[in-house]
Amino acid sequence: MPTALLWLRNDLRLHDHAALTEALEAAGPDGTLLAVYCLDPRHTDETAWGFRKTEGYRTAFVLESLRDLRGRMQALGGDLIVRRGRPEDVLPPLAQQAGASTLHVHAEPMQEETDVEEGVRSALPESAIDWRSVWGHTLVDIAALPFDIDDVSDVFTQFRKAVEKGAAGTYVPPLPTPETLPPPPEGIEPGDIPASVANLGLDPREPDNRLGFRIHGGETAGLERLDTYIWERDRLKVYKETRNGMLNPDDSSKLSPWLAHGCLSPRRVQAEVTRYEAERTKNRSTYWLTFELLWRDFFRLYGAKHGDRLFWPSGPKGVDGMPDRLDEGLFTAWREGRTGLPLVDASMRELASTGFMSNRGRQNAASFWTKHLGQPWWAGAAWYEAMLVDYDVTSNPARGPESGCTQSRPVHSL
C-alpha cells in the first residue's frame, strides 16, 4: 500500500493544488496520504530588531487556515497532520514511520525556504523517498514562458508584454478539488492545532472593527471573499478606479491574505474573472485584476532569478549609497505611527491595529521610511514581514526603487 507524503507550506487549500494532485496519483486508489504542516518555531523567533519574525495577526491567520483545511480534508475522508517543530526534524521520522515512498511539495523560490528543503532532503534516508517538487504558485505556466527564469526581465512591462503575447498568456484553468481523499497512515496522530497564538508565545491581537473587514484564515473564507467581491457586490467592474482607495473595504479585492498563504490560487481567481467577463462585463477593471496577478508572478519570478541578492542592502543591481546605520528613535516612531505626517501615521497605526494596510498606504509609508527619512529599507521590510497578514516574501519587502528593480512597487497588495 503506497503512502505519499504531502508537505504543506504556503498552499493551504484543496483546489488547484498541483502537489496534492500528484500525491493522490502516487498514492493510488488503495494508498494513504500523509499531509503534514509544520509549525516551524523559526517563524516566530525574535528578530534582531526586538520583535518577532511573525507577529500575532499572520500567525492567527495561519492557525485559522489549518483548522479550516483540516475540516475540509476530514470531510473528504483524509486528515491534516500538524506538528510543532522544524520540518527537517519532523518530516524524516514521520516519513519513516509511515513508510512513505514519495514526498510532494510546492517549490518556493527564495533561499530561506530552499535551505529548509535541503535540510529535509539530507535528513531523509538516502534513496528511500522519491522527492517531487512542483511549481504551483503563479498564474502563468512557467513551462510556457518564452524565456528561462534567469532571463526574466527586470522591467515588469517587458515581462507582461512577453507573457501576454505568448503561450503563457493563455492561462491554465485551475485543477479541480478532489472529491475524496485517502486516509492517513495508521498509527499517525493528527496532532493539535494551537487554540491561540499565545500557545506559540505570541501576544494575541484582537481584530479591530474599524477595518470594516474581517480577515479570517482558510480556503473557505477565501472562496467566500472571492464570491462576495466579484459576484455578490459586483465590484470587479470598477476595480481599476477604486483599488487604491484607503477606506472602503471593497475598494480593492482584499484577496492578498488568501493568495499569500495559498488558501486561494491565482488561477482560481483568474477563472472567476474570465467567467465574470463572459457573464457580466469585460472592461479595463476586469483586465486590471489579471494585470495585478501578473505583478505577483513577476515578483516571484524576479525573486527566483535574483535569489538572496533581493535582500542585500544594495539590491540585485549592487547600488551604492545605502544607509549604514539605523536611527532607533525614528524606527520606533515610524512603527508606532508617530512621525508627524498624518497619512503615514494613520497607515502605520492601521497596520499595528489590524495586520493590514491599503496598497497606497503601504507604498506611502515605505517611501517615507526609505526616501524621506533615509533609513535602511531592510529594517522597514522586517516590520512589514512581522505585521502584514498578507506578507509574501517576494512581493512585500519595503524596498524603494534603489533596490535594483527598475519598476519597483515596494509593497504589493490586490
# chains A, B, ... in the order shown; residues from 1 in each chain; ligands from 1

call {"tool": "residues_around", "arguments": {"residues": "segment 287-289 of chain A", "least_positions_apart": "4", "cutoff": "9 Å", "atoms": "only C-alpha atoms", "output": "VMD selection string"}}
result
chain A and resid 236 239 to 240 253 269 to 270 273 282 to 283 293 to 294 414

call {"tool": "select_by_dssp", "arguments": {"residues": "segment 126-323 of chain A", "states": "alpha helix (DSSP H)", "output": "MDAnalysis selection string"}}
result
chainID A and resid 156:164 219:227 239:242 256:260 266:279 284:306

call {"tool": "closest_residue", "arguments": {"among": "A:Leu211, A:Tyr171, A:Asp392, A:Ala379", "to": "Gly50 of chain A", "atoms": "only C-alpha atoms"}}
result
A:Ala379

call {"tool": "atom_distance", "arguments": {"atom1": "atom CA of Thr47 of chain A", "atom2": "atom CA of Trp383 of chain A"}}
result
9.9 Å

call {"tool": "residues_around", "arguments": {"residues": "Tyr37 of chain A", "least_positions_apart": "2", "cutoff": "7 Å", "atoms": "only C-alpha atoms", "output": "PyMOL selection string"}}
result
chain A and resi 7-9+39+81-83

call {"tool": "write_last_selection", "arguments": {"atoms": "C-alpha atoms", "output": "PDB file, in the first residue's frame"}}
result
ATOM      1  CA  TRP A   7       4.446  18.716   2.742  1.00  0.00           C
ATOM      2  CA  LEU A   8       2.238  21.777   3.048  1.00  0.00           C
ATOM      3  CA  ARG A   9       3.621  25.296   3.415  1.00  0.00           C
ATOM      4  CA  LEU A  39       4.657  24.996  12.817  1.00  0.00           C
ATOM      5  CA  ILE A  81      -1.194  16.155  10.377  1.00  0.00           C
ATOM      6  CA  VAL A  82       0.145  19.145  12.341  1.00  0.00           C
ATOM      7  CA  ARG A  83       3.416  19.166  14.235  1.00  0.00           C
TER       8      ARG A  83
END

call {"tool": "closest_atom_pairs", "arguments": {"of": "segment 280-335 of chain A", "to": "segment 363-373 of chain A", "cutoff": "9 Å", "atoms": "only C-alpha atoms", "output": "tab-separated table"}}
result
residue	atom	partner	partner_atom	distance
A:Leu330	CA	A:Leu373	CA	8.1
A:Phe331	CA	A:Trp369	CA	8.6
A:Trp334	CA	A:Trp369	CA	7.5

call {"tool": "write_last_selection", "arguments": {"atoms": "N, CA, C and O atoms", "output": "short mmCIF file (atom, residue, chain, number, x, y, z; two decimals), in the first residue's frame"}}
result
data_model
loop_
_atom_site.label_atom_id
_atom_site.label_comp_id
_atom_site.auth_asym_id
_atom_site.auth_seq_id
_atom_site.Cartn_x
_atom_site.Cartn_y
_atom_site.Cartn_z
N LEU A 330 13.70 57.00 15.25
CA LEU A 330 12.85 57.12 14.06
C LEU A 330 12.14 55.80 13.77
O LEU A 330 10.97 55.80 13.36
N PHE A 331 12.85 54.70 13.99
CA PHE A 331 12.25 53.39 13.72
C PHE A 331 11.04 53.15 14.63
O PHE A 331 9.98 52.70 14.18
N TRP A 334 8.21 55.54 13.52
CA TRP A 334 7.58 55.07 12.27
C TRP A 334 6.67 53.87 12.53
O TRP A 334 5.54 53.83 12.05
#

call {"tool": "residues_around", "arguments": {"residues": "Arg300 of chain A", "least_positions_apart": "2", "cutoff": "10 Å", "atoms": "only C-alpha atoms", "output": "ChimeraX atom specification"}}
result
/A:108-110,137-138,294-298,302-305,392-395

call {"tool": "residues_around", "arguments": {"residues": "His104 of chain A", "least_positions_apart": "6", "cutoff": "7 Å", "atoms": "only C-alpha atoms", "output": "PyMOL selection string"}}
result
chain A and resi 5-7+19+23+131-133

call {"tool": "select_by_dssp", "arguments": {"residues": "segment 34-215 of chain A", "states": "strand (DSSP E or B)", "output": "VMD selection string"}}
result
chain A and resid 34 to 39 46 52 80 to 84 102 to 106 130 to 134

call {"tool": "write_last_selection", "arguments": {"atoms": "C-alpha atoms", "output": "PDB file, in the first residue's frame"}}
result
ATOM      1  CA  LEU A  34       0.338  11.771   4.877  1.00  0.00           C
ATOM      2  CA  ALA A  35      -0.410  15.512   4.608  1.00  0.00           C
ATOM      3  CA  VAL A  36       1.805  17.434   7.056  1.00  0.00           C
ATOM      4  CA  TYR A  37       2.145  21.041   8.137  1.00  0.00           C
ATOM      5  CA  CYS A  38       4.995  22.043  10.460  1.00  0.00           C
ATOM      6  CA  LEU A  39       4.657  24.996  12.817  1.00  0.00           C
ATOM      7  CA  GLU A  46      12.570  37.168  17.955  1.00  0.00           C
ATOM      8  CA  ARG A  52       9.038  38.561  16.285  1.00  0.00           C
ATOM      9  CA  LEU A  80      -4.166  17.043   8.185  1.00  0.00           C
ATOM     10  CA  ILE A  81      -1.194  16.155  10.377  1.00  0.00           C
ATOM     11  CA  VAL A  82       0.145  19.145  12.341  1.00  0.00           C
ATOM     12  CA  ARG A  83       3.416  19.166  14.235  1.00  0.00           C
ATOM     13  CA  ARG A  84       5.348  21.850  16.111  1.00  0.00           C
ATOM     14  CA  THR A 102       7.183   9.779  -2.297  1.00  0.00           C
ATOM     15  CA  LEU A 103       7.346  13.328  -0.935  1.00  0.00           C
ATOM     16  CA  HIS A 104       5.390  16.066  -2.710  1.00  0.00           C
ATOM     17  CA  VAL A 105       5.896  19.789  -2.170  1.00  0.00           C
ATOM     18  CA  HIS A 106       5.275  23.087  -3.930  1.00  0.00           C
ATOM     19  CA  ASP A 130      11.262   9.932  -4.345  1.00  0.00           C
ATOM     20  CA  TRP A 131      11.321  13.736  -3.918  1.00  0.00           C
ATOM     21  CA  ARG A 132       8.836  15.515  -6.202  1.00  0.00           C
ATOM     22  CA  SER A 133       8.785  19.303  -6.211  1.00  0.00           C
ATOM     23  CA  VAL A 134       6.287  21.112  -8.433  1.00  0.00           C
TER      24      VAL A 134
END

call {"tool": "atom_distance", "arguments": {"atom1": "atom CA of Trp258 of chain A", "atom2": "atom CA of Arg13 of chain A"}}
result
9.6 Å

call {"tool": "residues_around", "arguments": {"residues": "Pro176 of chain A", "least_positions_apart": "2", "cutoff": "10 Å", "atoms": "only C-alpha atoms", "output": "ChimeraX atom specification"}}
result
/A:14-18,21,173-174,178-179,268

call {"tool": "write_last_selection", "arguments": {"atoms": "all heavy atoms", "output": "PDB file, in the first residue's frame"}}
result
ATOM      1  N   LEU A  14      -7.379  23.003  -1.052  1.00  0.00           N
ATOM      2  CA  LEU A  14      -7.578  21.756  -1.787  1.00  0.00           C
ATOM      3  C   LEU A  14      -7.761  21.994  -3.281  1.00  0.00           C
ATOM      4  O   LEU A  14      -7.460  21.113  -4.089  1.00  0.00           O
ATOM      5  CB  LEU A  14      -8.796  21.000  -1.232  1.00  0.00           C
ATOM      6  CG  LEU A  14      -8.692  20.508   0.221  1.00  0.00           C
ATOM      7  CD1 LEU A  14      -9.957  19.771   0.629  1.00  0.00           C
ATOM      8  CD2 LEU A  14      -7.467  19.604   0.396  1.00  0.00           C
ATOM      9  N   HIS A  15      -8.264  23.171  -3.668  1.00  0.00           N
ATOM     10  CA  HIS A  15      -8.457  23.430  -5.090  1.00  0.00           C
ATOM     11  C   HIS A  15      -7.133  23.807  -5.764  1.00  0.00           C
ATOM     12  O   HIS A  15      -6.249  24.354  -5.129  1.00  0.00           O
ATOM     13  CB  HIS A  15      -9.492  24.542  -5.300  1.00  0.00           C
ATOM     14  CG  HIS A  15      -8.994  25.923  -4.948  1.00  0.00           C
ATOM     15  ND1 HIS A  15      -9.138  26.473  -3.690  1.00  0.00           N
ATOM     16  CD2 HIS A  15      -8.339  26.863  -5.686  1.00  0.00           C
ATOM     17  CE1 HIS A  15      -8.609  27.690  -3.684  1.00  0.00           C
ATOM     18  NE2 HIS A  15      -8.106  27.954  -4.874  1.00  0.00           N
ATOM     19  N   ASP A  16      -7.015  23.481  -7.042  1.00  0.00           N
ATOM     20  CA  ASP A  16      -5.859  23.866  -7.856  1.00  0.00           C
ATOM     21  C   ASP A  16      -4.542  23.625  -7.124  1.00  0.00           C
ATOM     22  O   ASP A  16      -3.702  24.505  -7.022  1.00  0.00           O
ATOM     23  CB  ASP A  16      -5.978  25.346  -8.264  1.00  0.00           C
ATOM     24  CG  ASP A  16      -4.983  25.712  -9.360  1.00  0.00           C
ATOM     25  OD1 ASP A  16      -4.714  24.861 -10.218  1.00  0.00           O
ATOM     26  OD2 ASP A  16      -4.469  26.854  -9.338  1.00  0.00           O
ATOM     27  N   HIS A  17      -4.398  22.411  -6.645  1.00  0.00           N
ATOM     28  CA  HIS A  17      -3.226  22.076  -5.825  1.00  0.00           C
ATOM     29  C   HIS A  17      -2.398  21.027  -6.561  1.00  0.00           C
ATOM     30  O   HIS A  17      -2.681  19.827  -6.490  1.00  0.00           O
ATOM     31  CB  HIS A  17      -3.686  21.544  -4.469  1.00  0.00           C
ATOM     32  CG  HIS A  17      -2.666  21.639  -3.385  1.00  0.00           C
ATOM     33  ND1 HIS A  17      -1.468  20.983  -3.441  1.00  0.00           N
ATOM     34  CD2 HIS A  17      -2.671  22.327  -2.205  1.00  0.00           C
ATOM     35  CE1 HIS A  17      -0.778  21.244  -2.343  1.00  0.00           C
ATOM     36  NE2 HIS A  17      -1.478  22.066  -1.581  1.00  0.00           N
ATOM     37  N   ALA A  18      -1.365  21.483  -7.262  1.00  0.00           N
ATOM     38  CA  ALA A  18      -0.582  20.573  -8.099  1.00  0.00           C
ATOM     39  C   ALA A  18       0.132  19.500  -7.277  1.00  0.00           C
ATOM     40  O   ALA A  18       0.186  18.338  -7.677  1.00  0.00           O
ATOM     41  CB  ALA A  18       0.432  21.366  -8.920  1.00  0.00           C
ATOM     42  N   THR A  21      -2.423  16.962  -6.164  1.00  0.00           N
ATOM     43  CA  THR A  21      -2.844  16.149  -7.301  1.00  0.00           C
ATOM     44  C   THR A  21      -1.827  15.055  -7.593  1.00  0.00           C
ATOM     45  O   THR A  21      -2.188  13.888  -7.811  1.00  0.00           O
ATOM     46  CB  THR A  21      -3.042  17.038  -8.541  1.00  0.00           C
ATOM     47  OG1 THR A  21      -4.048  18.022  -8.273  1.00  0.00           O
ATOM     48  CG2 THR A  21      -3.460  16.214  -9.746  1.00  0.00           C
ATOM     49  N   PRO A 173      -6.438  26.650 -16.709  1.00  0.00           N
ATOM     50  CA  PRO A 173      -7.531  26.610 -15.729  1.00  0.00           C
ATOM     51  C   PRO A 173      -7.103  25.907 -14.457  1.00  0.00           C
ATOM     52  O   PRO A 173      -6.174  25.083 -14.467  1.00  0.00           O
ATOM     53  CB  PRO A 173      -8.634  25.834 -16.465  1.00  0.00           C
ATOM     54  CG  PRO A 173      -7.917  25.029 -17.497  1.00  0.00           C
ATOM     55  CD  PRO A 173      -6.727  25.847 -17.914  1.00  0.00           C
ATOM     56  N   PRO A 174      -7.754  26.210 -13.342  1.00  0.00           N
ATOM     57  CA  PRO A 174      -7.367  25.584 -12.070  1.00  0.00           C
ATOM     58  C   PRO A 174      -7.678  24.102 -12.039  1.00  0.00           C
ATOM     59  O   PRO A 174      -8.653  23.637 -12.643  1.00  0.00           O
ATOM     60  CB  PRO A 174      -8.212  26.339 -11.034  1.00  0.00           C
ATOM     61  CG  PRO A 174      -9.386  26.865 -11.808  1.00  0.00           C
ATOM     62  CD  PRO A 174      -8.880  27.161 -13.181  1.00  0.00           C
ATOM     63  N   PRO A 178     -10.331  17.660  -5.206  1.00  0.00           N
ATOM     64  CA  PRO A 178     -10.611  16.223  -5.156  1.00  0.00           C
ATOM     65  C   PRO A 178     -11.993  15.952  -4.554  1.00  0.00           C
ATOM     66  O   PRO A 178     -12.456  16.673  -3.670  1.00  0.00           O
ATOM     67  CB  PRO A 178      -9.509  15.681  -4.246  1.00  0.00           C
ATOM     68  CG  PRO A 178      -8.434  16.717  -4.264  1.00  0.00           C
ATOM     69  CD  PRO A 178      -9.129  18.028  -4.444  1.00  0.00           C
ATOM     70  N   GLU A 179     -12.624  14.903  -5.043  1.00  0.00           N
ATOM     71  CA  GLU A 179     -13.925  14.505  -4.499  1.00  0.00           C
ATOM     72  C   GLU A 179     -13.762  13.672  -3.233  1.00  0.00           C
ATOM     73  O   GLU A 179     -14.635  13.693  -2.357  1.00  0.00           O
ATOM     74  CB  GLU A 179     -14.707  13.720  -5.558  1.00  0.00           C
ATOM     75  CG  GLU A 179     -15.077  14.559  -6.783  1.00  0.00           C
ATOM     76  CD  GLU A 179     -15.901  13.781  -7.779  1.00  0.00           C
ATOM     77  OE1 GLU A 179     -16.177  12.581  -7.524  1.00  0.00           O
ATOM     78  OE2 GLU A 179     -16.275  14.359  -8.818  1.00  0.00           O
ATOM     79  N   ARG A 268      -7.489  30.186  -9.758  1.00  0.00           N
ATOM     80  CA  ARG A 268      -8.909  30.179  -9.380  1.00  0.00           C
ATOM     81  C   ARG A 268      -9.479  31.601  -9.478  1.00  0.00           C
ATOM     82  O   ARG A 268     -10.603  31.800  -9.937  1.00  0.00           O
ATOM     83  CB  ARG A 268      -9.071  29.633  -7.963  1.00  0.00           C
ATOM     84  CG  ARG A 268     -10.515  29.640  -7.442  1.00  0.00           C
ATOM     85  CD  ARG A 268     -11.451  28.806  -8.323  1.00  0.00           C
ATOM     86  NE  ARG A 268     -12.831  28.889  -7.882  1.00  0.00           N
ATOM     87  CZ  ARG A 268     -13.404  28.032  -7.030  1.00  0.00           C
ATOM     88  NH1 ARG A 268     -12.695  27.036  -6.523  1.00  0.00           N
ATOM     89  NH2 ARG A 268     -14.656  28.169  -6.690  1.00  0.00           N
TER      90      ARG A 268
END

call {"tool": "closest_residue", "arguments": {"among": "A:Ser358, A:Gln111, A:Thr44, A:Thr32", "to": "Asn248 of chain A", "atoms": "only C-alpha atoms"}}
result
A:Ser358

call {"tool": "atom_distance", "arguments": {"atom1": "atom CA of Ser347 of chain A", "atom2": "atom CA of Tyr57 of chain A"}}
result
16.2 Å

call {"tool": "closest_residue", "arguments": {"among": "A:Pro207, A:Arg72, A:Arg362, A:Gly217", "to": "Ala381 of chain A", "atoms": "only C-alpha atoms"}}
result
A:Arg362

call {"tool": "residues_around", "arguments": {"residues": "Pro194 of chain A", "least_positions_apart": "4", "cutoff": "8 Å", "atoms": "only C-alpha atoms", "output": "ChimeraX atom specification"}}
result
/A:63,199-200
